[in-house]
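Peer 1: Handing you a structure now.
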Amino acid sequence: MGIKNREHGVTTKEAVLQFPFGQQVPAVLALADGTVFRGYSIGAPGETTGEVVYNTLMLGYQEALTDPSYTGQIVALTYPHIGNVGVNPEDIESGNGKVQTAGLIVKEVEQVPSNFRATKSLPDYLKEQGIVAICGIDTRKLTRILRTKGSQGGAIVTGDDADRALMLARGCPSLAGQDLAKAVSSIKPYEWDEACWELGTGYKKPASQEYHIVALDFGAKRSTLRVLVERGCKVTVLPAESSVEEVLKLSPDGVFLSDGPGNPQSCGYAIKTARELIEKGIPTFGIGLGHQIMALASGAKAAKLKTGHHGVNHPVQDLDTGRVLITAQNQDFAVDAGSLPSNCRMTHKSLFDGSLQGFERTDKPVIGFQGHLTASFAPDGTGLLLDRFIGLMAEAKGKGQQPA
């Protein structure tokens, strides 16, 4: 005998299988359009609001939960069964070690993980981190709503108060006007010297550090920094609001603008810094939010996407070679290809919606890419972009180029 969702008639697992360690606690998910789902709490008690988005990943839910790019959002995972590998402290992505999402939505959750690296279950982790979450709803129906109507405000409330959840969902502010990069950025500069993880040895230390990269932190993931170190780079991380003078004082071979959450058009301080660094001819590479900031600094415009790009299976085409990359994506804004000035050219496009995924300057050593570079989900050619960035730094060093 299954548990029936009273709102949409969805049959889930038996209670004894889904909640072996405690009594079911009801929870409500409401969307700003008036849709209500009823399910069960798998996280901390209370209520939460945020923009509801869906993510198509099958693995890496802990990485998604701790990704600063999800700040202010409630994430719905489309894969139906989540939690089987548990969580562990090594796979946290955020600099402060905390969950960044406003909430989590899943269809079914596993409370008994089966993985040698796991240190606790997903529900225990959510409770420990104070994250409100819900399971037992029809995530396929939810995804169809978001695909049709677009991402929208939502609320999760433990208990059975649908009116309260609807009120909170309709009062949720849009991400369109928010600068969240400052909220998730590091407060102080620091050095990052940890490379990628290997079975038996854990996270490695760099064998060499041929190039010095200054990374502006708009919400950088740890795995992105590890990929830079893996390529033989010394990485110094600076807060989002760092000035050009603070960057130049470190005499970098190149500048990296990280991924992050929110609206790039709200990051005026970052656009100004990026513009000045680009004009000085320093090799510059940006991903996600950093890519958008570089494009705006070059004179382009950005707009909010209807549903955003969230997942690890997004096909992106390299327009020069025709090669298709299967990329990790996590953003809600995109650069308008038609707004690129004459000194910029589009290099990559999404095969989902045709949106701009990469650009480069024709007059400066600058490349940007919308997708993310991760140690776990990028065996697909996106590392070639890092190699191009390193090539730009090598060329600048070979010419003896110094920042103006």
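In the structure tokens, chains take the letters A, B, ... in the order shown, each chain's residues start at 1, and ligands count up from 1 in the order shown.
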Could you pull the residues within 10 Å of Val106 (chain A), counting only C-alpha atoms, minus those fewer than 3 positions along the same chain, as a VMD selection string?

Peer 2: chain A and resid 39 42 75 to 83 109 133 to 139

Peer 1: Put those residues in a file: N, CA, C and O atoms, as a PDB file, in the first residue's frame.

Peer 2:
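So the final result, stored in part.pdb, reads:
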ATOM      1  N   GLY A  39       3.826  16.709   0.390  1.00  0.00           N
ATOM      2  CA  GLY A  39       4.745  15.590   0.542  1.00  0.00           C
ATOM      3  C   GLY A  39       5.171  15.450   1.985  1.00  0.00           C
ATOM      4  O   GLY A  39       4.374  15.707   2.903  1.00  0.00           O
ATOM      5  N   ILE A  42      12.084  16.039   4.757  1.00  0.00           N
ATOM      6  CA  ILE A  42      13.295  15.220   4.918  1.00  0.00           C
ATOM      7  C   ILE A  42      14.457  16.068   5.420  1.00  0.00           C
ATOM      8  O   ILE A  42      15.599  15.619   5.420  1.00  0.00           O
ATOM      9  N   VAL A  75      16.156  23.930  -5.116  1.00  0.00           N
ATOM     10  CA  VAL A  75      16.527  23.058  -6.231  1.00  0.00           C
ATOM     11  C   VAL A  75      15.675  21.795  -6.224  1.00  0.00           C
ATOM     12  O   VAL A  75      15.603  21.080  -5.217  1.00  0.00           O
ATOM     13  N   ALA A  76      15.035  21.538  -7.354  1.00  0.00           N
ATOM     14  CA  ALA A  76      14.289  20.299  -7.563  1.00  0.00           C
ATOM     15  C   ALA A  76      15.129  19.363  -8.423  1.00  0.00           C
ATOM     16  O   ALA A  76      15.547  19.736  -9.519  1.00  0.00           O
ATOM     17  N   LEU A  77      15.425  18.168  -7.926  1.00  0.00           N
ATOM     18  CA  LEU A  77      16.225  17.199  -8.670  1.00  0.00           C
ATOM     19  C   LEU A  77      15.284  16.295  -9.470  1.00  0.00           C
ATOM     20  O   LEU A  77      14.366  15.682  -8.907  1.00  0.00           O
ATOM     21  N   THR A  78      15.514  16.223 -10.779  1.00  0.00           N
ATOM     22  CA  THR A  78      14.613  15.447 -11.640  1.00  0.00           C
ATOM     23  C   THR A  78      14.845  13.951 -11.537  1.00  0.00           C
ATOM     24  O   THR A  78      13.930  13.166 -11.813  1.00  0.00           O
ATOM     25  N   TYR A  79      16.062  13.538 -11.173  1.00  0.00           N
ATOM     26  CA  TYR A  79      16.302  12.104 -11.009  1.00  0.00           C
ATOM     27  C   TYR A  79      15.477  11.605  -9.822  1.00  0.00           C
ATOM     28  O   TYR A  79      15.485  12.231  -8.753  1.00  0.00           O
ATOM     29  N   PRO A  80      14.746  10.493  -9.950  1.00  0.00           N
ATOM     30  CA  PRO A  80      13.728  10.150  -8.958  1.00  0.00           C
ATOM     31  C   PRO A  80      14.237   9.637  -7.623  1.00  0.00           C
ATOM     32  O   PRO A  80      13.509   9.696  -6.636  1.00  0.00           O
ATOM     33  N   HIS A  81      15.472   9.129  -7.565  1.00  0.00           N
ATOM     34  CA  HIS A  81      15.941   8.507  -6.327  1.00  0.00           C
ATOM     35  C   HIS A  81      17.270   9.145  -5.934  1.00  0.00           C
ATOM     36  O   HIS A  81      18.276   8.991  -6.625  1.00  0.00           O
ATOM     37  N   ILE A  82      17.280   9.880  -4.839  1.00  0.00           N
ATOM     38  CA  ILE A  82      18.435  10.671  -4.413  1.00  0.00           C
ATOM     39  C   ILE A  82      18.874  10.237  -3.012  1.00  0.00           C
ATOM     40  O   ILE A  82      18.044   9.939  -2.154  1.00  0.00           O
ATOM     41  N   GLY A  83      20.182  10.215  -2.795  1.00  0.00           N
ATOM     42  CA  GLY A  83      20.704   9.973  -1.452  1.00  0.00           C
ATOM     43  C   GLY A  83      21.424   8.664  -1.259  1.00  0.00           C
ATOM     44  O   GLY A  83      21.924   8.382  -0.165  1.00  0.00           O
ATOM     45  N   VAL A 109      13.907   9.650  -1.340  1.00  0.00           N
ATOM     46  CA  VAL A 109      15.204   9.830  -0.702  1.00  0.00           C
ATOM     47  C   VAL A 109      15.609   8.539   0.003  1.00  0.00           C
ATOM     48  O   VAL A 109      14.771   7.838   0.578  1.00  0.00           O
ATOM     49  N   ALA A 133      13.528  20.772   3.381  1.00  0.00           N
ATOM     50  CA  ALA A 133      13.473  19.954   2.159  1.00  0.00           C
ATOM     51  C   ALA A 133      12.208  19.109   2.168  1.00  0.00           C
ATOM     52  O   ALA A 133      11.635  18.820   3.220  1.00  0.00           O
ATOM     53  N   ILE A 134      11.788  18.694   0.971  1.00  0.00           N
ATOM     54  CA  ILE A 134      10.550  17.931   0.824  1.00  0.00           C
ATOM     55  C   ILE A 134      10.752  16.771  -0.140  1.00  0.00           C
ATOM     56  O   ILE A 134      11.513  16.884  -1.112  1.00  0.00           O
ATOM     57  N   CYS A 135      10.108  15.644   0.120  1.00  0.00           N
ATOM     58  CA  CYS A 135      10.103  14.498  -0.785  1.00  0.00           C
ATOM     59  C   CYS A 135       8.673  14.013  -0.951  1.00  0.00           C
ATOM     60  O   CYS A 135       7.751  14.493  -0.291  1.00  0.00           O
ATOM     61  N   GLY A 136       8.501  13.035  -1.859  1.00  0.00           N
ATOM     62  CA  GLY A 136       7.199  12.417  -2.028  1.00  0.00           C
ATOM     63  C   GLY A 136       6.266  13.173  -2.946  1.00  0.00           C
ATOM     64  O   GLY A 136       5.056  12.912  -2.951  1.00  0.00           O
ATOM     65  N   ILE A 137       6.776  14.109  -3.751  1.00  0.00           N
ATOM     66  CA  ILE A 137       5.921  14.820  -4.693  1.00  0.00           C
ATOM     67  C   ILE A 137       6.236  14.375  -6.120  1.00  0.00           C
ATOM     68  O   ILE A 137       7.243  13.708  -6.374  1.00  0.00           O
ATOM     69  N   ASP A 138       5.405  14.765  -7.039  1.00  0.00           N
ATOM     70  CA  ASP A 138       5.587  14.424  -8.447  1.00  0.00           C
ATOM     71  C   ASP A 138       6.566  15.421  -9.069  1.00  0.00           C
ATOM     72  O   ASP A 138       6.168  16.489  -9.547  1.00  0.00           O
ATOM     73  N   THR A 139       7.838  15.092  -9.054  1.00  0.00           N
ATOM     74  CA  THR A 139       8.847  16.014  -9.586  1.00  0.00           C
ATOM     75  C   THR A 139       8.769  16.135 -11.105  1.00  0.00           C
ATOM     76  O   THR A 139       9.238  17.123 -11.667  1.00  0.00           O
TER      77      THR A 139
END

Peer 1: Counting only C-alpha atoms, what is within 6 Å of region 225-235 of chain A, bar same-chain residues fewer than 4 positions away, as a PyMOL selection string?

Peer 2: chain A and resi 191-192+194-196+208-214+375

Peer 1: Give me the residues within 9 Å of Asn330 (chain A) as a count of residues only, counting only C-alpha atoms and dropping any in the same chain fewer than 3 places off.

Peer 2: 15

Peer 1: Enumerate the residues of region 267-360 of chain A with a DSSP assignment of helix (DSSP H, G or I), computed from the backbone, and present them as a ChimeraX atom specification.

Peer 2: /A:268-279,289-297,337-339

Peer 1: Which residues in region 211-404 of chain A does DSSP call strand (DSSP E)? List them as a PyMOL selection string.

Peer 2: chain A and resi 211-217+233-239+254-257+284-287+302-318+324-335+344-350+356-361+366-369

Peer 1: Excluding Lys364 (chain A) and any residue of its chain fewer than 3 positions from it, enumerate the residues within 7 Å of it, using only C-alpha atoms, and give them as a list in words.

Peer 2: Ile278, Gly281 and Arg361 of chain A

Peer 1: Can you tell me which residues surround region 91-102 of chain A at a distance of at most 6 Å, considering only C-alpha atoms, apart from same-chain residues fewer than 3 positions away, and format the answer as a list of chain:residue names?

Peer 2: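 Surrounding residues, per the criterion: A:Glu63, A:Leu65, A:Thr66, A:Asp67, A:Pro68, A:Tyr70, A:Thr71, A:Gly72, A:Gln73, A:Ile74, A:Lys221, A:Arg222.
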
Peer 1: So the first atom is CA of Thr236 (chain A) and the second is CA of Leu216 (chain A); what is the distance between them in Å, to one decimal place?

Peer 2: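 Spanning CA of Thr236 (chain A) to CA of Leu216 (chain A) is a straight-line distance of 8.7 Å.
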
Peer 1: Could you check the closest approach to Met346 (chain A) for each of A:Ala295, A:Ala302, A:Leu142, A:Leu385 and tell me which residue wins, using only C-alpha atoms?

Peer 2: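 Smallest distance to Met346 (chain A) is found for A:Ala295.
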
Peer 1: Could you pull the residues within 12 Å of Gly262 (chain A), counting only C-alpha atoms, minus those fewer than 4 positions along the same chain, as a PDB file with N, CA, C and O atoms, in the first residue's frame?

Peer 2:
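Below is the file that was written, selection20.pdb:
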ATOM      1  N   GLU A  51      13.739  31.010  -5.471  1.00  0.00           N
ATOM      2  CA  GLU A  51      13.344  30.718  -6.848  1.00  0.00           C
ATOM      3  C   GLU A  51      13.491  29.214  -7.076  1.00  0.00           C
ATOM      4  O   GLU A  51      14.553  28.647  -6.820  1.00  0.00           O
ATOM      5  N   PRO A  68      27.845  27.601  -4.502  1.00  0.00           N
ATOM      6  CA  PRO A  68      27.373  28.970  -4.254  1.00  0.00           C
ATOM      7  C   PRO A  68      26.502  29.533  -5.372  1.00  0.00           C
ATOM      8  O   PRO A  68      25.730  30.465  -5.141  1.00  0.00           O
ATOM      9  N   SER A  69      26.600  28.987  -6.585  1.00  0.00           N
ATOM     10  CA  SER A  69      25.774  29.478  -7.681  1.00  0.00           C
ATOM     11  C   SER A  69      24.286  29.243  -7.446  1.00  0.00           C
ATOM     12  O   SER A  69      23.444  29.824  -8.135  1.00  0.00           O
ATOM     13  N   TYR A  70      23.946  28.373  -6.487  1.00  0.00           N
ATOM     14  CA  TYR A  70      22.541  28.099  -6.181  1.00  0.00           C
ATOM     15  C   TYR A  70      22.000  28.945  -5.032  1.00  0.00           C
ATOM     16  O   TYR A  70      20.888  28.715  -4.555  1.00  0.00           O
ATOM     17  N   THR A  71      22.752  29.917  -4.585  1.00  0.00           N
ATOM     18  CA  THR A  71      22.293  30.769  -3.496  1.00  0.00           C
ATOM     19  C   THR A  71      20.957  31.424  -3.842  1.00  0.00           C
ATOM     20  O   THR A  71      20.775  31.953  -4.933  1.00  0.00           O
ATOM     21  N   GLY A  72      20.020  31.354  -2.920  1.00  0.00           N
ATOM     22  CA  GLY A  72      18.714  31.968  -3.143  1.00  0.00           C
ATOM     23  C   GLY A  72      17.741  31.112  -3.920  1.00  0.00           C
ATOM     24  O   GLY A  72      16.642  31.578  -4.252  1.00  0.00           O
ATOM     25  N   GLN A  73      18.094  29.854  -4.205  1.00  0.00           N
ATOM     26  CA  GLN A  73      17.229  29.003  -5.019  1.00  0.00           C
ATOM     27  C   GLN A  73      16.861  27.717  -4.292  1.00  0.00           C
ATOM     28  O   GLN A  73      17.652  27.170  -3.516  1.00  0.00           O
ATOM     29  N   SER A 174      12.460  38.235  -7.020  1.00  0.00           N
ATOM     30  CA  SER A 174      13.127  37.673  -8.195  1.00  0.00           C
ATOM     31  C   SER A 174      14.636  37.835  -8.079  1.00  0.00           C
ATOM     32  O   SER A 174      15.135  38.774  -7.451  1.00  0.00           O
ATOM     33  N   LEU A 175      15.370  36.913  -8.714  1.00  0.00           N
ATOM     34  CA  LEU A 175      16.827  37.029  -8.759  1.00  0.00           C
ATOM     35  C   LEU A 175      17.287  38.110  -9.735  1.00  0.00           C
ATOM     36  O   LEU A 175      18.453  38.507  -9.710  1.00  0.00           O
ATOM     37  N   ALA A 176      16.373  38.599 -10.573  1.00  0.00           N
ATOM     38  CA  ALA A 176      16.757  39.497 -11.658  1.00  0.00           C
ATOM     39  C   ALA A 176      17.466  40.748 -11.165  1.00  0.00           C
ATOM     40  O   ALA A 176      18.338  41.281 -11.847  1.00  0.00           O
ATOM     41  N   GLY A 177      17.122  41.263  -9.985  1.00  0.00           N
ATOM     42  CA  GLY A 177      17.742  42.496  -9.527  1.00  0.00           C
ATOM     43  C   GLY A 177      18.748  42.311  -8.410  1.00  0.00           C
ATOM     44  O   GLY A 177      19.167  43.299  -7.791  1.00  0.00           O
ATOM     45  N   GLN A 178      19.148  41.082  -8.143  1.00  0.00           N
ATOM     46  CA  GLN A 178      19.978  40.833  -6.967  1.00  0.00           C
ATOM     47  C   GLN A 178      21.459  40.617  -7.296  1.00  0.00           C
ATOM     48  O   GLN A 178      21.789  39.921  -8.251  1.00  0.00           O
ATOM     49  N   ASP A 179      22.318  41.236  -6.503  1.00  0.00           N
ATOM     50  CA  ASP A 179      23.750  40.967  -6.548  1.00  0.00           C
ATOM     51  C   ASP A 179      24.061  40.018  -5.397  1.00  0.00           C
ATOM     52  O   ASP A 179      24.130  40.427  -4.239  1.00  0.00           O
ATOM     53  N   LEU A 180      24.225  38.739  -5.728  1.00  0.00           N
ATOM     54  CA  LEU A 180      24.497  37.734  -4.692  1.00  0.00           C
ATOM     55  C   LEU A 180      25.971  37.392  -4.593  1.00  0.00           C
ATOM     56  O   LEU A 180      26.388  36.687  -3.673  1.00  0.00           O
ATOM     57  N   ALA A 181      26.778  37.875  -5.553  1.00  0.00           N
ATOM     58  CA  ALA A 181      28.200  37.520  -5.570  1.00  0.00           C
ATOM     59  C   ALA A 181      28.906  37.985  -4.300  1.00  0.00           C
ATOM     60  O   ALA A 181      29.719  37.247  -3.725  1.00  0.00           O
ATOM     61  N   LYS A 182      28.589  39.189  -3.856  1.00  0.00           N
ATOM     62  CA  LYS A 182      29.226  39.704  -2.644  1.00  0.00           C
ATOM     63  C   LYS A 182      28.869  38.871  -1.420  1.00  0.00           C
ATOM     64  O   LYS A 182      29.670  38.726  -0.501  1.00  0.00           O
ATOM     65  N   ALA A 183      27.648  38.326  -1.418  1.00  0.00           N
ATOM     66  CA  ALA A 183      27.193  37.559  -0.258  1.00  0.00           C
ATOM     67  C   ALA A 183      27.929  36.234  -0.110  1.00  0.00           C
ATOM     68  O   ALA A 183      28.084  35.725   1.000  1.00  0.00           O
ATOM     69  N   VAL A 184      28.363  35.636  -1.236  1.00  0.00           N
ATOM     70  CA  VAL A 184      28.998  34.315  -1.182  1.00  0.00           C
ATOM     71  C   VAL A 184      30.513  34.375  -1.357  1.00  0.00           C
ATOM     72  O   VAL A 184      31.199  33.366  -1.186  1.00  0.00           O
ATOM     73  N   PHE A 218      33.531  35.196  -7.164  1.00  0.00           N
ATOM     74  CA  PHE A 218      32.128  35.599  -7.177  1.00  0.00           C
ATOM     75  C   PHE A 218      31.231  34.470  -6.675  1.00  0.00           C
ATOM     76  O   PHE A 218      30.005  34.548  -6.786  1.00  0.00           O
ATOM     77  N   GLY A 219      31.852  33.422  -6.139  1.00  0.00           N
ATOM     78  CA  GLY A 219      31.136  32.228  -5.697  1.00  0.00           C
ATOM     79  C   GLY A 219      31.830  30.988  -6.214  1.00  0.00           C
ATOM     80  O   GLY A 219      31.184  30.025  -6.640  1.00  0.00           O
ATOM     81  N   SER A 266      24.012  43.441 -11.947  1.00  0.00           N
ATOM     82  CA  SER A 266      24.040  44.070 -10.628  1.00  0.00           C
ATOM     83  C   SER A 266      25.450  44.177 -10.065  1.00  0.00           C
ATOM     84  O   SER A 266      25.648  44.773  -9.005  1.00  0.00           O
ATOM     85  N   CYS A 267      26.417  43.594 -10.759  1.00  0.00           N
ATOM     86  CA  CYS A 267      27.797  43.563 -10.271  1.00  0.00           C
ATOM     87  C   CYS A 267      28.634  44.663 -10.938  1.00  0.00           C
ATOM     88  O   CYS A 267      29.635  44.389 -11.610  1.00  0.00           O
ATOM     89  N   GLY A 288      30.793  30.952 -16.246  1.00  0.00           N
ATOM     90  CA  GLY A 288      29.541  31.247 -15.567  1.00  0.00           C
ATOM     91  C   GLY A 288      29.332  32.738 -15.392  1.00  0.00           C
ATOM     92  O   GLY A 288      29.370  33.520 -16.348  1.00  0.00           O
ATOM     93  N   LEU A 289      29.114  33.167 -14.159  1.00  0.00           N
ATOM     94  CA  LEU A 289      28.931  34.586 -13.861  1.00  0.00           C
ATOM     95  C   LEU A 289      30.143  35.401 -14.300  1.00  0.00           C
ATOM     96  O   LEU A 289      29.998  36.517 -14.812  1.00  0.00           O
ATOM     97  N   GLY A 290      31.350  34.853 -14.117  1.00  0.00           N
ATOM     98  CA  GLY A 290      32.558  35.555 -14.536  1.00  0.00           C
ATOM     99  C   GLY A 290      32.591  35.799 -16.034  1.00  0.00           C
ATOM    100  O   GLY A 290      33.025  36.865 -16.500  1.00  0.00           O
ATOM    101  N   GLN A 292      29.914  36.130 -17.937  1.00  0.00           N
ATOM    102  CA  GLN A 292      28.924  37.163 -18.199  1.00  0.00           C
ATOM    103  C   GLN A 292      29.456  38.547 -17.845  1.00  0.00           C
ATOM    104  O   GLN A 292      29.238  39.521 -18.588  1.00  0.00           O
ATOM    105  N   ILE A 293      30.163  38.652 -16.736  1.00  0.00           N
ATOM    106  CA  ILE A 293      30.749  39.927 -16.322  1.00  0.00           C
ATOM    107  C   ILE A 293      31.753  40.423 -17.354  1.00  0.00           C
ATOM    108  O   ILE A 293      31.786  41.610 -17.705  1.00  0.00           O
ATOM    109  N   ALA A 302      23.210  41.155 -21.096  1.00  0.00           N
ATOM    110  CA  ALA A 302      22.780  39.842 -20.623  1.00  0.00           C
ATOM    111  C   ALA A 302      21.307  39.895 -20.260  1.00  0.00           C
ATOM    112  O   ALA A 302      20.755  40.957 -19.971  1.00  0.00           O
ATOM    113  N   ALA A 303      20.647  38.743 -20.285  1.00  0.00           N
ATOM    114  CA  ALA A 303      19.224  38.661 -19.945  1.00  0.00           C
ATOM    115  C   ALA A 303      18.966  37.380 -19.164  1.00  0.00           C
ATOM    116  O   ALA A 303      19.714  36.401 -19.278  1.00  0.00           O
ATOM    117  N   LYS A 304      17.907  37.384 -18.375  1.00  0.00           N
ATOM    118  CA  LYS A 304      17.549  36.212 -17.584  1.00  0.00           C
ATOM    119  C   LYS A 304      16.929  35.143 -18.482  1.00  0.00           C
ATOM    120  O   LYS A 304      16.104  35.446 -19.349  1.00  0.00           O
ATOM    121  N   LEU A 305      17.350  33.900 -18.287  1.00  0.00           N
ATOM    122  CA  LEU A 305      16.800  32.774 -19.029  1.00  0.00           C
ATOM    123  C   LEU A 305      15.453  32.363 -18.435  1.00  0.00           C
ATOM    124  O   LEU A 305      15.206  32.552 -17.234  1.00  0.00           O
ATOM    125  N   GLY A 308      16.652  28.724 -16.991  1.00  0.00           N
ATOM    126  CA  GLY A 308      18.035  28.545 -16.587  1.00  0.00           C
ATOM    127  C   GLY A 308      18.614  27.257 -17.131  1.00  0.00           C
ATOM    128  O   GLY A 308      17.903  26.426 -17.713  1.00  0.00           O
ATOM    129  N   ASN A 330      25.172  25.753 -14.585  1.00  0.00           N
ATOM    130  CA  ASN A 330      24.421  26.234 -13.435  1.00  0.00           C
ATOM    131  C   ASN A 330      24.312  27.749 -13.508  1.00  0.00           C
ATOM    132  O   ASN A 330      25.097  28.454 -12.895  1.00  0.00           O
ATOM    133  N   GLN A 331      23.386  28.242 -14.298  1.00  0.00           N
ATOM    134  CA  GLN A 331      23.192  29.677 -14.395  1.00  0.00           C
ATOM    135  C   GLN A 331      21.776  30.007 -14.828  1.00  0.00           C
ATOM    136  O   GLN A 331      21.086  29.182 -15.425  1.00  0.00           O
ATOM    137  N   ASP A 332      21.383  31.242 -14.530  1.00  0.00           N
ATOM    138  CA  ASP A 332      20.035  31.699 -14.856  1.00  0.00           C
ATOM    139  C   ASP A 332      20.044  32.904 -15.788  1.00  0.00           C
ATOM    140  O   ASP A 332      18.982  33.398 -16.168  1.00  0.00           O
ATOM    141  N   PHE A 333      21.238  33.373 -16.157  1.00  0.00           N
ATOM    142  CA  PHE A 333      21.379  34.488 -17.083  1.00  0.00           C
ATOM    143  C   PHE A 333      22.288  34.062 -18.228  1.00  0.00           C
ATOM    144  O   PHE A 333      23.118  33.161 -18.080  1.00  0.00           O
ATOM    145  N   ALA A 334      22.126  34.707 -19.374  1.00  0.00           N
ATOM    146  CA  ALA A 334      22.968  34.420 -20.531  1.00  0.00           C
ATOM    147  C   ALA A 334      23.275  35.718 -21.267  1.00  0.00           C
ATOM    148  O   ALA A 334      22.475  36.661 -21.253  1.00  0.00           O
TER     149      ALA A 334
END

Peer 1: Considering only C-alpha atoms, tabulate each residue of region 92-193 of chain A that lies at most 12 Å from region 198-207 of chain A along with its nearest interatomic pair and the corresponding distance in Å to one decimal; arrange the rows by chain and ascending residue number and present them as JSON lines.

Peer 2:
{"residue": "A:Phe116", "atom": "CA", "partner": "A:Leu199", "partner_atom": "CA", "distance": 11.5}
{"residue": "A:Arg117", "atom": "CA", "partner": "A:Leu199", "partner_atom": "CA", "distance": 10.5}
{"residue": "A:Trp192", "atom": "CA", "partner": "A:Lys205", "partner_atom": "CA", "distance": 10.1}
{"residue": "A:Asp193", "atom": "CA", "partner": "A:Lys205", "partner_atom": "CA", "distance": 6.4}

Peer 1: Under the rule that only C-alpha atoms are counted, which of A:Ala274, A:Met167, A:Ile367, A:Val247 is the nearest residue to Met393 (chain A)?

Peer 2: A:Ile367

Peer 1: Between A:Leu319, A:Ala394, A:Ala169, A:Leu356, which one has atoms that come closest to Leu31 (chain A), using only C-alpha atoms?

Peer 2: A:Ala169
